[in-house]
$ cat run-v3.cif   # mmCIF, C-alpha atoms
data_target
loop_
_atom_site.label_atom_id
_atom_site.label_comp_id
_atom_site.auth_asym_id
_atom_site.auth_seq_id
_atom_site.Cartn_x
_atom_site.Cartn_y
_atom_site.Cartn_z
CA MET E 147 87.35 114.01 47.84
CA ALA E 148 90.24 115.98 49.13
CA SER E 149 88.91 116.00 52.66
CA GLN E 150 88.21 112.27 52.52
CA HIS E 151 91.73 111.58 51.44
CA HIS E 152 92.95 113.82 54.21
CA ASP E 153 90.91 111.89 56.81
CA HIS E 154 92.61 108.71 55.76
CA THR E 155 96.06 110.01 56.41
CA VAL E 156 95.22 111.84 59.63
CA GLY E 157 94.88 108.65 61.64
CA HIS E 158 98.15 107.38 60.38
CA GLU E 159 100.05 110.55 61.08
CA GLU E 160 98.58 111.04 64.52
CA GLY E 161 99.15 107.38 65.30
CA GLN E 162 102.79 108.23 65.71
CA HIS E 163 102.59 111.30 67.92
CA HIS E 164 106.08 110.89 69.28
CA GLU E 165 107.08 114.48 69.45
CA GLY E 166 107.51 115.77 72.98
CA MET E 167 110.40 113.80 74.43
CA THR E 168 113.78 114.56 72.96
CA LYS E 169 117.04 113.41 74.53
CA GLY E 170 117.62 116.86 76.00
CA LYS E 171 114.18 116.89 77.61
CA ILE E 172 114.67 113.41 79.05
CA TRP E 173 117.88 114.43 80.79
CA ARG E 174 116.30 117.65 82.02
CA VAL E 175 113.44 115.67 83.66
CA PHE E 176 116.07 113.33 85.13
CA PHE E 177 117.83 116.27 86.76
CA TYR E 178 114.52 117.57 88.16
CA LEU E 179 113.89 114.14 89.71
CA LEU E 180 117.43 113.99 91.05
CA ALA E 181 117.15 117.50 92.51
CA LEU E 182 113.83 116.69 94.19
CA THR E 183 115.28 113.48 95.69
CA ALA E 184 118.37 115.36 96.84
CA LEU E 185 116.11 117.95 98.47
CA GLU E 186 114.28 115.16 100.34
CA PHE E 187 117.60 113.81 101.59
CA PHE E 188 118.73 117.29 102.58
CA ILE E 189 115.57 117.70 104.68
CA ALA E 190 115.92 114.22 106.22
CA LEU E 191 119.65 114.18 106.92
CA VAL E 192 120.58 117.82 107.51
CA LEU E 193 117.43 119.55 108.75
CA VAL E 194 115.67 116.75 110.68
CA HIS E 195 118.70 114.68 111.74
CA GLY E 196 120.65 117.83 112.60
CA GLY E 197 117.85 118.92 114.91
CA ILE E 198 117.02 122.12 113.01
CA VAL E 199 113.47 120.94 112.20
CA GLN E 200 111.29 118.64 114.30
CA LYS E 201 109.77 115.53 112.77
CA GLY E 202 106.04 115.99 112.43
CA ILE E 203 103.18 117.06 110.25
CA GLY E 204 105.01 120.05 108.76
CA VAL E 205 107.95 118.03 107.43
CA ASN E 206 105.66 115.20 106.30
CA VAL E 207 103.55 117.60 104.23
CA VAL E 208 106.73 118.82 102.51
CA TYR E 209 107.84 115.21 101.86
CA ILE E 210 104.45 114.30 100.37
CA ALA E 211 104.37 117.44 98.22
CA LEU E 212 107.83 116.62 96.83
CA THR E 213 106.75 113.00 96.26
CA LEU E 214 103.68 114.07 94.30
CA LEU E 215 105.81 116.44 92.24
CA LYS E 216 108.19 113.56 91.41
CA ALA E 217 105.21 111.35 90.56
CA TYR E 218 103.92 114.08 88.23
CA TYR E 219 107.24 114.28 86.36
CA ILE E 220 107.43 110.49 85.97
CA VAL E 221 103.84 110.07 84.78
CA ALA E 222 103.66 113.19 82.62
CA TYR E 223 107.05 112.99 80.89
CA PHE E 224 108.56 109.51 81.27
CA MET E 225 105.22 107.77 80.80
CA HIS E 226 104.30 110.35 78.19
CA LEU E 227 100.80 110.91 79.57
CA LYS E 228 101.03 114.69 79.18
CA PHE E 229 101.19 114.25 75.40
CA GLU E 230 98.12 112.00 75.12
CA THR E 231 94.63 113.28 74.38
CA PHE E 232 92.58 114.93 77.12
CA GLY E 233 90.03 112.09 77.05
CA PHE E 234 92.69 109.47 77.65
CA ILE E 235 94.33 111.42 80.46
CA MET E 236 90.94 111.70 82.17
CA SER E 237 90.11 108.00 81.71
CA VAL E 238 93.35 107.07 83.48
CA ALA E 239 93.53 109.78 86.13
CA VAL E 240 89.99 110.48 87.33
CA VAL E 241 89.57 107.13 89.11
CA PHE E 242 92.22 108.22 91.61
CA LEU E 243 89.56 110.41 93.21
CA PHE E 244 88.36 107.16 94.79
CA ILE E 245 91.85 106.61 96.19
CA LEU E 246 91.81 110.08 97.73
CA TYR E 247 88.49 109.24 99.37
CA PHE E 248 89.89 105.90 100.57
CA ILE E 249 92.90 107.67 102.11
CA ALA E 250 90.62 110.08 103.97
CA LEU E 251 88.47 107.19 105.23
CA MET E 252 91.27 104.92 106.39
CA LEU E 253 93.35 107.61 108.06
CA THR E 254 90.28 108.84 109.92
CA GLU E 255 89.65 105.26 111.01
CA GLY E 256 93.26 104.87 112.17
CA GLY E 257 93.13 108.12 114.09
CA TYR E 258 89.92 107.01 115.75
CA LEU E 259 91.51 103.75 116.92
CA ASN E 260 94.41 105.70 118.34
CA THR E 261 92.33 108.06 120.43
CA HIS E 262 89.49 105.76 121.53
CA TYR E 263 91.10 102.37 121.85
CA HIS E 264 94.22 102.49 124.01
CA SER E 265 94.90 98.78 123.97
CA PHE E 266 98.42 98.66 122.57
CA PRO E 267 100.96 98.35 125.38
CA SER E 268 104.08 100.46 125.15
CA TRP E 269 107.11 101.31 127.27
CA ALA E 270 108.65 104.73 127.78
CA ASN E 271 111.88 105.14 125.85
CA PRO E 272 114.84 105.64 128.20
CA MET I 83 66.32 122.48 46.33
CA SER I 84 68.69 124.63 48.20
CA THR I 85 72.38 123.97 47.95
CA THR I 86 73.21 125.40 51.37
CA VAL I 87 74.00 122.78 53.97
CA THR I 88 72.14 123.12 57.25
CA GLU I 89 73.96 122.81 60.56
CA LEU I 90 72.48 119.34 61.10
CA ASP I 91 73.65 117.98 57.77
CA LYS I 92 77.22 119.15 58.11
CA VAL I 93 79.72 116.34 58.48
CA LYS I 94 81.10 116.54 61.98
CA THR I 95 84.84 116.14 62.26
CA GLY I 96 85.33 116.20 66.02
CA ARG I 97 87.39 113.68 67.90
CA TRP I 98 84.31 111.84 69.17
CA ASN I 99 82.21 111.98 65.96
CA GLY I 100 83.31 108.63 64.68
CA GLY I 101 85.57 107.51 61.88
CA ARG I 102 88.71 107.84 63.93
CA SER I 103 90.25 106.64 67.17
CA PRO I 104 89.34 109.25 69.80
CA PHE I 105 92.13 108.36 72.21
CA ASN I 106 94.58 107.89 69.38
CA VAL I 107 96.53 105.35 71.42
CA GLU I 108 97.31 101.86 70.24
CA TYR I 109 95.16 99.11 71.82
CA GLY I 110 97.94 97.32 73.69
CA LYS I 111 99.16 100.58 75.13
CA ILE I 112 95.67 101.49 76.39
CA MET I 113 95.42 98.07 78.02
CA MET I 114 98.85 98.52 79.64
CA TRP I 115 97.65 101.84 81.05
CA PHE I 116 94.46 100.30 82.42
CA PHE I 117 96.41 97.41 83.92
CA LEU I 118 98.76 99.89 85.57
CA THR I 119 95.79 101.84 86.93
CA SER I 120 94.43 98.68 88.55
CA ASP I 121 97.90 97.82 89.86
CA ALA I 122 98.15 101.32 91.31
CA PHE I 123 94.94 100.54 93.20
CA THR I 124 96.55 97.43 94.71
CA PHE I 125 99.62 99.37 95.81
CA SER I 126 97.40 102.18 97.09
CA ALA I 127 95.45 99.69 99.21
CA PHE I 128 98.68 98.40 100.75
CA LEU I 129 100.07 101.85 101.43
CA ILE I 130 96.78 103.19 102.76
CA TYR I 131 96.55 100.29 105.20
CA TYR I 132 100.11 101.10 106.27
CA GLY I 133 99.07 104.74 106.75
CA SER I 134 96.04 103.81 108.82
CA GLN I 135 98.27 101.64 111.04
CA ARG I 136 100.66 104.55 111.54
CA PHE I 137 97.70 106.71 112.52
CA ALA I 138 96.40 104.02 114.88
CA HIS I 139 99.62 103.77 116.91
CA MET I 140 101.09 106.27 119.35
CA THR I 141 104.57 105.20 118.37
CA TRP I 142 106.34 103.62 115.40
CA PRO I 143 109.88 102.33 114.72
CA ASP I 144 112.11 105.20 113.58
CA PRO I 145 113.36 104.66 109.99
CA ASP I 146 116.54 106.64 110.80
CA LYS I 147 117.39 103.94 113.36
CA LEU I 148 116.16 100.93 111.38
CA PHE I 149 117.94 101.66 108.14
CA GLN I 150 121.41 102.90 108.90
CA SER I 151 123.71 100.31 107.45
CA ILE I 152 125.60 100.27 104.17
CA PRO I 153 126.25 96.61 103.27
CA PHE I 154 129.94 95.66 103.28
CA ILE I 155 130.93 99.15 104.45
CA ALA I 156 129.29 100.09 107.74
CA ASP I 157 126.78 98.42 110.02
CA THR I 158 125.51 101.55 111.73
CA GLY I 159 125.72 105.30 111.59
CA PHE I 160 124.62 106.08 108.05
CA PRO I 161 120.85 106.56 108.02
CA LEU I 162 119.16 106.56 104.60
CA VAL I 163 122.40 106.51 102.61
CA PHE I 164 121.91 103.02 101.19
CA VAL I 165 118.27 103.62 100.26
CA GLY I 166 119.44 106.83 98.61
CA ILE I 167 121.72 104.77 96.39
CA MET I 168 118.82 102.41 95.60
CA THR I 169 116.55 105.31 94.68
CA PHE I 170 119.23 106.76 92.44
CA ILE I 171 119.70 103.40 90.68
CA LEU I 172 115.97 103.09 90.00
CA ILE I 173 115.58 106.65 88.70
CA MET I 174 118.66 106.10 86.53
CA SER I 175 117.22 102.89 85.07
CA SER I 176 113.98 104.75 84.36
CA VAL I 177 115.96 107.29 82.35
CA THR I 178 117.75 104.61 80.33
CA MET I 179 114.32 103.10 79.62
CA VAL I 180 112.97 106.40 78.20
CA LEU I 181 116.14 106.69 76.16
CA ALA I 182 115.48 103.18 74.77
CA VAL I 183 111.93 104.25 73.86
CA GLU I 184 113.27 107.42 72.24
CA ALA I 185 115.80 105.39 70.23
CA GLY I 186 112.96 103.06 69.22
CA HIS I 187 111.07 106.00 67.70
CA ARG I 188 114.07 106.58 65.45
CA ASN I 189 114.25 102.84 64.67
CA ALA I 190 117.83 102.86 65.92
CA LYS I 191 118.21 99.20 66.85
CA LYS I 192 121.74 99.45 68.23
CA GLU I 193 120.82 102.25 70.62
CA VAL I 194 117.69 100.41 71.78
CA VAL I 195 119.83 97.36 72.58
CA GLY I 196 122.35 99.46 74.50
CA TRP I 197 119.77 101.29 76.60
CA MET I 198 117.78 98.11 77.26
CA ILE I 199 120.92 96.40 78.58
CA ALA I 200 121.57 99.43 80.81
CA THR I 201 117.98 99.25 82.09
CA ILE I 202 118.26 95.54 82.87
CA ILE I 203 121.52 96.08 84.74
CA GLY I 204 119.89 98.90 86.74
CA GLY I 205 116.96 96.66 87.61
CA LEU I 206 119.22 93.81 88.71
CA MET I 207 121.27 96.20 90.85
CA PHE I 208 118.11 97.46 92.50
CA VAL I 209 116.81 93.97 93.28
CA GLY I 210 120.27 93.05 94.61
CA CYS I 211 120.28 96.07 96.91
CA GLN I 212 116.82 95.15 98.11
CA ALA I 213 118.04 91.64 98.90
CA LEU I 214 120.89 93.10 100.98
CA GLU I 215 118.46 95.38 102.80
CA TRP I 216 116.15 92.44 103.57
CA THR I 217 119.08 90.32 104.75
CA HIS I 218 120.17 93.06 107.11
CA LEU I 219 116.72 93.43 108.67
CA HIS I 220 116.30 89.66 108.81
CA HIS I 221 119.56 89.29 110.71
CA ALA I 222 118.36 91.93 113.14
CA GLY I 223 115.35 89.68 113.79
CA PHE I 224 112.64 91.27 111.65
CA TRP I 225 110.60 89.05 109.36
CA TRP I 226 106.93 88.36 108.64
CA GLY I 227 105.41 87.84 112.07
CA SER I 228 108.63 88.25 114.00
CA ILE I 229 110.59 91.04 115.66
CA PRO I 230 113.94 91.07 117.51
CA PHE I 231 113.66 88.79 120.55
CA GLN I 232 116.05 87.64 123.24
CA GLU I 233 115.28 84.90 125.75
CA GLY I 234 114.69 86.34 129.20
CA VAL I 235 115.08 89.96 128.11
CA SER I 236 112.15 92.38 128.14
CA PRO I 237 111.06 93.53 124.64
CA GLU I 238 111.47 97.02 126.02
CA VAL I 239 115.23 96.45 126.01
CA THR I 240 115.47 94.44 122.79
CA LEU I 241 113.46 96.95 120.78
CA ALA I 242 114.91 100.10 122.30
CA PRO I 243 117.48 100.64 119.50
CA TYR I 244 114.68 101.00 116.91
CA PHE I 245 112.47 103.56 118.63
CA THR I 246 112.79 107.26 119.34
CA LYS I 247 109.46 107.66 121.12
CA GLU I 248 107.75 105.02 123.29
CA ILE I 249 108.58 101.38 122.58
CA SER I 250 105.81 99.09 121.37
CA GLU I 251 105.90 95.44 120.32
CA VAL I 252 102.68 95.82 118.34
CA SER I 253 104.07 98.71 116.30
CA ALA I 254 107.30 96.84 115.61
CA LEU I 255 105.37 93.77 114.47
CA GLN I 256 103.08 95.80 112.23
CA PHE I 257 106.11 97.52 110.77
CA ALA I 258 107.85 94.20 110.04
CA ASN I 259 104.80 92.68 108.34
CA LEU I 260 104.04 95.75 106.26
CA PHE I 261 107.65 96.46 105.31
CA PHE I 262 108.28 92.98 103.96
CA THR I 263 104.87 92.73 102.28
CA ILE I 264 105.00 96.08 100.51
CA THR I 265 108.68 96.17 99.52
CA GLY I 266 108.32 92.48 98.63
CA PHE I 267 105.38 93.19 96.34
CA HIS I 268 107.35 96.03 94.79
CA GLY I 269 110.45 93.85 94.41
CA PHE I 270 108.26 91.23 92.73
CA HIS I 271 107.13 93.88 90.25
CA VAL I 272 110.74 94.88 89.59
CA SER I 273 111.65 91.24 88.97
CA ILE I 274 108.79 90.84 86.49
CA GLY I 275 109.92 94.09 84.86
CA ILE I 276 113.45 92.75 84.45
CA LEU I 277 112.03 89.60 82.87
CA LEU I 278 109.92 91.64 80.43
CA ASN I 279 112.93 93.82 79.62
CA ILE I 280 115.02 90.74 78.86
CA ILE I 281 112.28 89.39 76.56
CA ILE I 282 112.08 92.74 74.76
CA LEU I 283 115.87 92.85 74.45
CA GLY I 284 115.80 89.36 72.91
CA MET I 285 113.08 90.41 70.46
CA THR I 286 115.06 93.51 69.51
CA LEU I 287 118.19 91.42 68.91
CA ALA I 288 116.11 88.97 66.83
CA ASN I 289 115.02 91.87 64.62
CA THR I 290 111.35 91.31 65.49
CA PHE I 291 110.61 95.03 65.79
CA GLU I 292 112.77 95.86 62.79
CA ARG I 293 110.54 93.59 60.67
CA ARG I 294 107.40 94.90 62.36
CA GLY I 295 108.51 98.43 61.54
CA SER I 296 107.78 99.80 65.02
CA TYR I 297 109.29 99.54 68.47
CA LEU I 298 105.92 99.98 70.19
CA MET I 299 106.55 96.98 72.46
CA VAL I 300 109.53 98.82 73.98
CA GLU I 301 107.14 101.65 74.80
CA LYS I 302 104.59 99.36 76.47
CA VAL I 303 107.17 97.60 78.63
CA GLY I 304 108.65 101.03 79.30
CA LEU I 305 105.30 102.13 80.76
CA TYR I 306 105.40 99.19 83.16
CA TRP I 307 108.98 99.96 84.13
CA HIS I 308 108.22 103.62 84.88
CA PHE I 309 105.25 102.53 86.95
CA VAL I 310 107.56 100.41 89.10
CA ASP I 311 109.76 103.47 89.56
CA LEU I 312 106.68 105.54 90.41
CA VAL I 313 105.62 103.09 93.13
CA TRP I 314 109.12 103.19 94.62
CA VAL I 315 108.87 106.98 94.91
CA PHE I 316 105.89 106.48 97.23
CA VAL I 317 107.29 103.47 99.11
CA PHE I 318 110.49 105.44 99.69
CA THR I 319 108.64 108.45 101.11
CA PHE I 320 106.31 106.51 103.40
CA PHE I 321 108.75 103.89 104.71
CA TYR I 322 112.01 105.77 104.86
CA LEU I 323 111.22 109.47 105.25
CA VAL I 324 107.90 109.96 107.04
#
$ encode --input "run-v3.cif" --output "structure tokens"
Amino acid sequence: MASQHHDHTVGHEEGQHHEGMTKGKIWRVFFYLLALTALEFFIALVLVHGGIVQKGIGVNVVYIALTLLKAYYIVAYFMHLKFETFGFIMSVAVVFLFILYFIALMLTEGGYLNTHYHSFPSWANP
Amino acid sequence: MSTTVTELDKVKTGRWNGGRSPFNVEYGKIMMWFFLTSDAFTFSAFLIYYGSQRFAHMTWPDPDKLFQSIPFIADTGFPLVFVGIMTFILIMSSVTMVLAVEAGHRNAKKEVVGWMIATIIGGLMFVGCQALEWTHLHHAGFWWGSIPFQEGVSPEVTLAPYFTKEISEVSALQFANLFFTITGFHGFHVSIGILLNIIILGMTLANTFERRGSYLMVEKVGLYWHFVDLVWVFVFTFFYLV
């Protein structure tokens, strides 16, 4: 009896799992996002524009890493996904493996066109 | 008859053993998540095509040279500053949205109204900035299917201000098409988001959620709004930084 009664209330209580994001936490995540964006601008305007670092794969990898970190903070905290059940997180996130595969395919394809298909005319920059 | 319960007869109480919602998320919210997943696929397809085009070309217009104006202040010389302001506005409006959701959990109607208004203003500011950015590029001669062109002048000369490496018409054209398509699709999402936010604000003011006893709708629209912010994070990186 007691356990049955308990089962009834569990759904209701867990239906409002709102703990996790307090005002303080929200502002902290905001400052993380702001700091990451500021870091991106620092790299773009001071390091790359100032000629300290060359544009290229190295800088791009850093940009993409910072972008993914920002995406993580938005999805996990602002969209509250971190506080959902494991099953739900998986059902939303696992499909993006296909996107990773698609990225690999299409970039390989693009690279192939570039090296084997020199048909785009271009002029040297003065 | 034995009174001990065998392993098989025990009532299972796990998350997936029935009798309860395993995801423990309200139906509309699950559907919003699945819609956003499919929408993420659409945006991914756009951005991946853009990436493959970048990989397929020796040269590409330099974002530092394309985007260096601040509307009403300076026409050239300030690369990335204006888009920095836009990014800040969008992140800020995302924060006010979470704060609205948080206020909704406490059933604090007044605070929800305040934060929703702030979010709507942020969204409108962002769309306005995007319009200015588009106008600037359009005046320079970029549009769907068109790039800066002067009668009797070689494209090499006309396009020179936008390139750091070799100059290519094909690259410039691909850039123009993809920039307007992808930022346009994103701007369309922002506009829809503003519309949804206004509807939710109206419902809050009409005490709909107060009577319903939960501000779950604010949360669902909030998910959409954060997704729009999330997409901008990627658009920003791939169009303005890389």
$ resolve_selection --input "run-v3.cif" --expression "the PyMOL selection byres ((chain I) within 7 of (chain E))" --output "PyMOL selection string"
chain I and resi 102+105-107+116+119+130+133-135+137-140+177+180-181+238+242+246-250+252+305+308+312+315-316+319+323-324
$ atom_distance --input "run-v3.cif" --atom1 "atom CA of I:Asp144" --atom2 "atom CA of I:Phe267"
22.1 Å
$ closest_residue --input "run-v3.cif" --among "I:Gly210, I:Gly166, I:Gly101, I:Gly304" --to "I:Ala182" --atoms "only C-alpha atoms"
I:Gly304
$ atom_distance --input "run-v3.cif" --atom1 "atom CA of I:Leu162" --atom2 "atom CA of I:Pro143"
14.4 Å
$ atom_distance --input "run-v3.cif" --atom1 "atom CA of I:Asn259" --atom2 "atom CA of I:Trp142"
13.1 Å
$ residues_near_point --input "run-v3.cif" --point "(101.8, 98.4, 74.4)" --cutoff "8 Å" --atoms "all atoms listed in the file" --output "PyMOL selection string"
chain I and resi 108-114+298-303
$ residues_around --input "run-v3.cif" --residues "stretch 273-290 of chain I" --least-positions-apart "5" --cutoff "9 Å" --atoms "all atoms listed in the file" --output "number ranges by chain"
I: 191-192, 194-195, 198-199, 201-203, 205-206, 209, 268, 295, 297, 299-300, 303-304, 306-307, 310
$ build_atoms --input "run-v3.cif" --residues "stretch 143-173 of chain I" --atoms "N, CA and C atoms" --output "PDB file, in the coordinates of the input"
ATOM      1  N   PRO I 143     108.419 102.404 114.842  1.00  0.00           N
ATOM      2  CA  PRO I 143     109.880 102.330 114.720  1.00  0.00           C
ATOM      3  C   PRO I 143     110.413 103.487 113.862  1.00  0.00           C
ATOM      4  N   ASP I 144     111.549 104.036 114.265  1.00  0.00           N
ATOM      5  CA  ASP I 144     112.110 105.200 113.580  1.00  0.00           C
ATOM      6  C   ASP I 144     112.966 104.740 112.389  1.00  0.00           C
ATOM      7  N   PRO I 145     112.593 105.132 111.152  1.00  0.00           N
ATOM      8  CA  PRO I 145     113.360 104.660 109.990  1.00  0.00           C
ATOM      9  C   PRO I 145     114.840 105.057 110.061  1.00  0.00           C
ATOM     10  N   ASP I 146     115.140 106.215 110.678  1.00  0.00           N
ATOM     11  CA  ASP I 146     116.540 106.640 110.800  1.00  0.00           C
ATOM     12  C   ASP I 146     117.352 105.623 111.592  1.00  0.00           C
ATOM     13  N   LYS I 147     116.671 104.905 112.524  1.00  0.00           N
ATOM     14  CA  LYS I 147     117.390 103.940 113.360  1.00  0.00           C
ATOM     15  C   LYS I 147     117.356 102.539 112.758  1.00  0.00           C
ATOM     16  N   LEU I 148     116.284 102.257 111.988  1.00  0.00           N
ATOM     17  CA  LEU I 148     116.160 100.930 111.380  1.00  0.00           C
ATOM     18  C   LEU I 148     117.118 100.756 110.210  1.00  0.00           C
ATOM     19  N   PHE I 149     117.167 101.782 109.373  1.00  0.00           N
ATOM     20  CA  PHE I 149     117.940 101.660 108.140  1.00  0.00           C
ATOM     21  C   PHE I 149     119.179 102.538 108.240  1.00  0.00           C
ATOM     22  N   GLN I 150     120.211 102.049 108.864  1.00  0.00           N
ATOM     23  CA  GLN I 150     121.410 102.900 108.900  1.00  0.00           C
ATOM     24  C   GLN I 150     122.683 102.144 108.560  1.00  0.00           C
ATOM     25  N   SER I 151     122.510 101.038 107.831  1.00  0.00           N
ATOM     26  CA  SER I 151     123.710 100.310 107.450  1.00  0.00           C
ATOM     27  C   SER I 151     123.962 100.455 105.944  1.00  0.00           C
ATOM     28  N   ILE I 152     125.238 100.376 105.578  1.00  0.00           N
ATOM     29  CA  ILE I 152     125.600 100.270 104.170  1.00  0.00           C
ATOM     30  C   ILE I 152     126.282  98.913 104.034  1.00  0.00           C
ATOM     31  N   PRO I 153     125.674  97.955 103.325  1.00  0.00           N
ATOM     32  CA  PRO I 153     126.250  96.610 103.270  1.00  0.00           C
ATOM     33  C   PRO I 153     127.722  96.627 102.856  1.00  0.00           C
ATOM     34  N   PHE I 154     128.500  95.832 103.518  1.00  0.00           N
ATOM     35  CA  PHE I 154     129.940  95.660 103.280  1.00  0.00           C
ATOM     36  C   PHE I 154     130.776  96.853 103.721  1.00  0.00           C
ATOM     37  N   ILE I 155     130.141  97.973 104.102  1.00  0.00           N
ATOM     38  CA  ILE I 155     130.930  99.150 104.450  1.00  0.00           C
ATOM     39  C   ILE I 155     130.771  99.502 105.927  1.00  0.00           C
ATOM     40  N   ALA I 156     129.514  99.725 106.345  1.00  0.00           N
ATOM     41  CA  ALA I 156     129.290 100.090 107.740  1.00  0.00           C
ATOM     42  C   ALA I 156     127.995  99.472 108.223  1.00  0.00           C
ATOM     43  N   ASP I 157     127.987  99.052 109.495  1.00  0.00           N
ATOM     44  CA  ASP I 157     126.780  98.420 110.020  1.00  0.00           C
ATOM     45  C   ASP I 157     125.812  99.440 110.596  1.00  0.00           C
ATOM     46  N   THR I 158     126.374 100.520 111.153  1.00  0.00           N
ATOM     47  CA  THR I 158     125.510 101.550 111.730  1.00  0.00           C
ATOM     48  C   THR I 158     126.062 102.930 111.411  1.00  0.00           C
ATOM     49  N   GLY I 159     125.231 103.917 111.650  1.00  0.00           N
ATOM     50  CA  GLY I 159     125.720 105.300 111.590  1.00  0.00           C
ATOM     51  C   GLY I 159     125.462 106.046 110.299  1.00  0.00           C
ATOM     52  N   PHE I 160     124.880 105.363 109.296  1.00  0.00           N
ATOM     53  CA  PHE I 160     124.620 106.080 108.050  1.00  0.00           C
ATOM     54  C   PHE I 160     123.143 105.961 107.646  1.00  0.00           C
ATOM     55  N   PRO I 161     122.272 106.692 108.330  1.00  0.00           N
ATOM     56  CA  PRO I 161     120.850 106.560 108.020  1.00  0.00           C
ATOM     57  C   PRO I 161     120.552 106.994 106.594  1.00  0.00           C
ATOM     58  N   LEU I 162     119.722 106.210 105.913  1.00  0.00           N
ATOM     59  CA  LEU I 162     119.160 106.560 104.600  1.00  0.00           C
ATOM     60  C   LEU I 162     120.151 106.597 103.436  1.00  0.00           C
ATOM     61  N   VAL I 163     121.441 106.400 103.706  1.00  0.00           N
ATOM     62  CA  VAL I 163     122.400 106.510 102.610  1.00  0.00           C
ATOM     63  C   VAL I 163     122.189 105.392 101.589  1.00  0.00           C
ATOM     64  N   PHE I 164     122.034 104.155 102.108  1.00  0.00           N
ATOM     65  CA  PHE I 164     121.910 103.020 101.190  1.00  0.00           C
ATOM     66  C   PHE I 164     120.636 103.108 100.363  1.00  0.00           C
ATOM     67  N   VAL I 165     119.518 103.511 100.998  1.00  0.00           N
ATOM     68  CA  VAL I 165     118.270 103.620 100.260  1.00  0.00           C
ATOM     69  C   VAL I 165     118.358 104.769  99.249  1.00  0.00           C
ATOM     70  N   GLY I 166     119.195 105.757  99.565  1.00  0.00           N
ATOM     71  CA  GLY I 166     119.440 106.830  98.610  1.00  0.00           C
ATOM     72  C   GLY I 166     120.081 106.292  97.350  1.00  0.00           C
ATOM     73  N   ILE I 167     121.054 105.400  97.539  1.00  0.00           N
ATOM     74  CA  ILE I 167     121.720 104.770  96.390  1.00  0.00           C
ATOM     75  C   ILE I 167     120.701 103.967  95.577  1.00  0.00           C
ATOM     76  N   MET I 168     119.844 103.217  96.291  1.00  0.00           N
ATOM     77  CA  MET I 168     118.820 102.410  95.600  1.00  0.00           C
ATOM     78  C   MET I 168     117.888 103.282  94.775  1.00  0.00           C
ATOM     79  N   THR I 169     117.461 104.402  95.383  1.00  0.00           N
ATOM     80  CA  THR I 169     116.550 105.310  94.680  1.00  0.00           C
ATOM     81  C   THR I 169     117.227 105.863  93.431  1.00  0.00           C
ATOM     82  N   PHE I 170     118.498 106.234  93.580  1.00  0.00           N
ATOM     83  CA  PHE I 170     119.230 106.760  92.440  1.00  0.00           C
ATOM     84  C   PHE I 170     119.308 105.723  91.318  1.00  0.00           C
ATOM     85  N   ILE I 171     119.607 104.466  91.686  1.00  0.00           N
ATOM     86  CA  ILE I 171     119.700 103.400  90.680  1.00  0.00           C
ATOM     87  C   ILE I 171     118.384 103.262  89.924  1.00  0.00           C
ATOM     88  N   LEU I 172     117.263 103.300  90.656  1.00  0.00           N
ATOM     89  CA  LEU I 172     115.970 103.090  90.000  1.00  0.00           C
ATOM     90  C   LEU I 172     115.603 104.264  89.090  1.00  0.00           C
ATOM     91  N   ILE I 173     115.865 105.493  89.549  1.00  0.00           N
ATOM     92  CA  ILE I 173     115.580 106.650  88.700  1.00  0.00           C
ATOM     93  C   ILE I 173     116.447 106.581  87.436  1.00  0.00           C
TER      94      ILE I 173
END
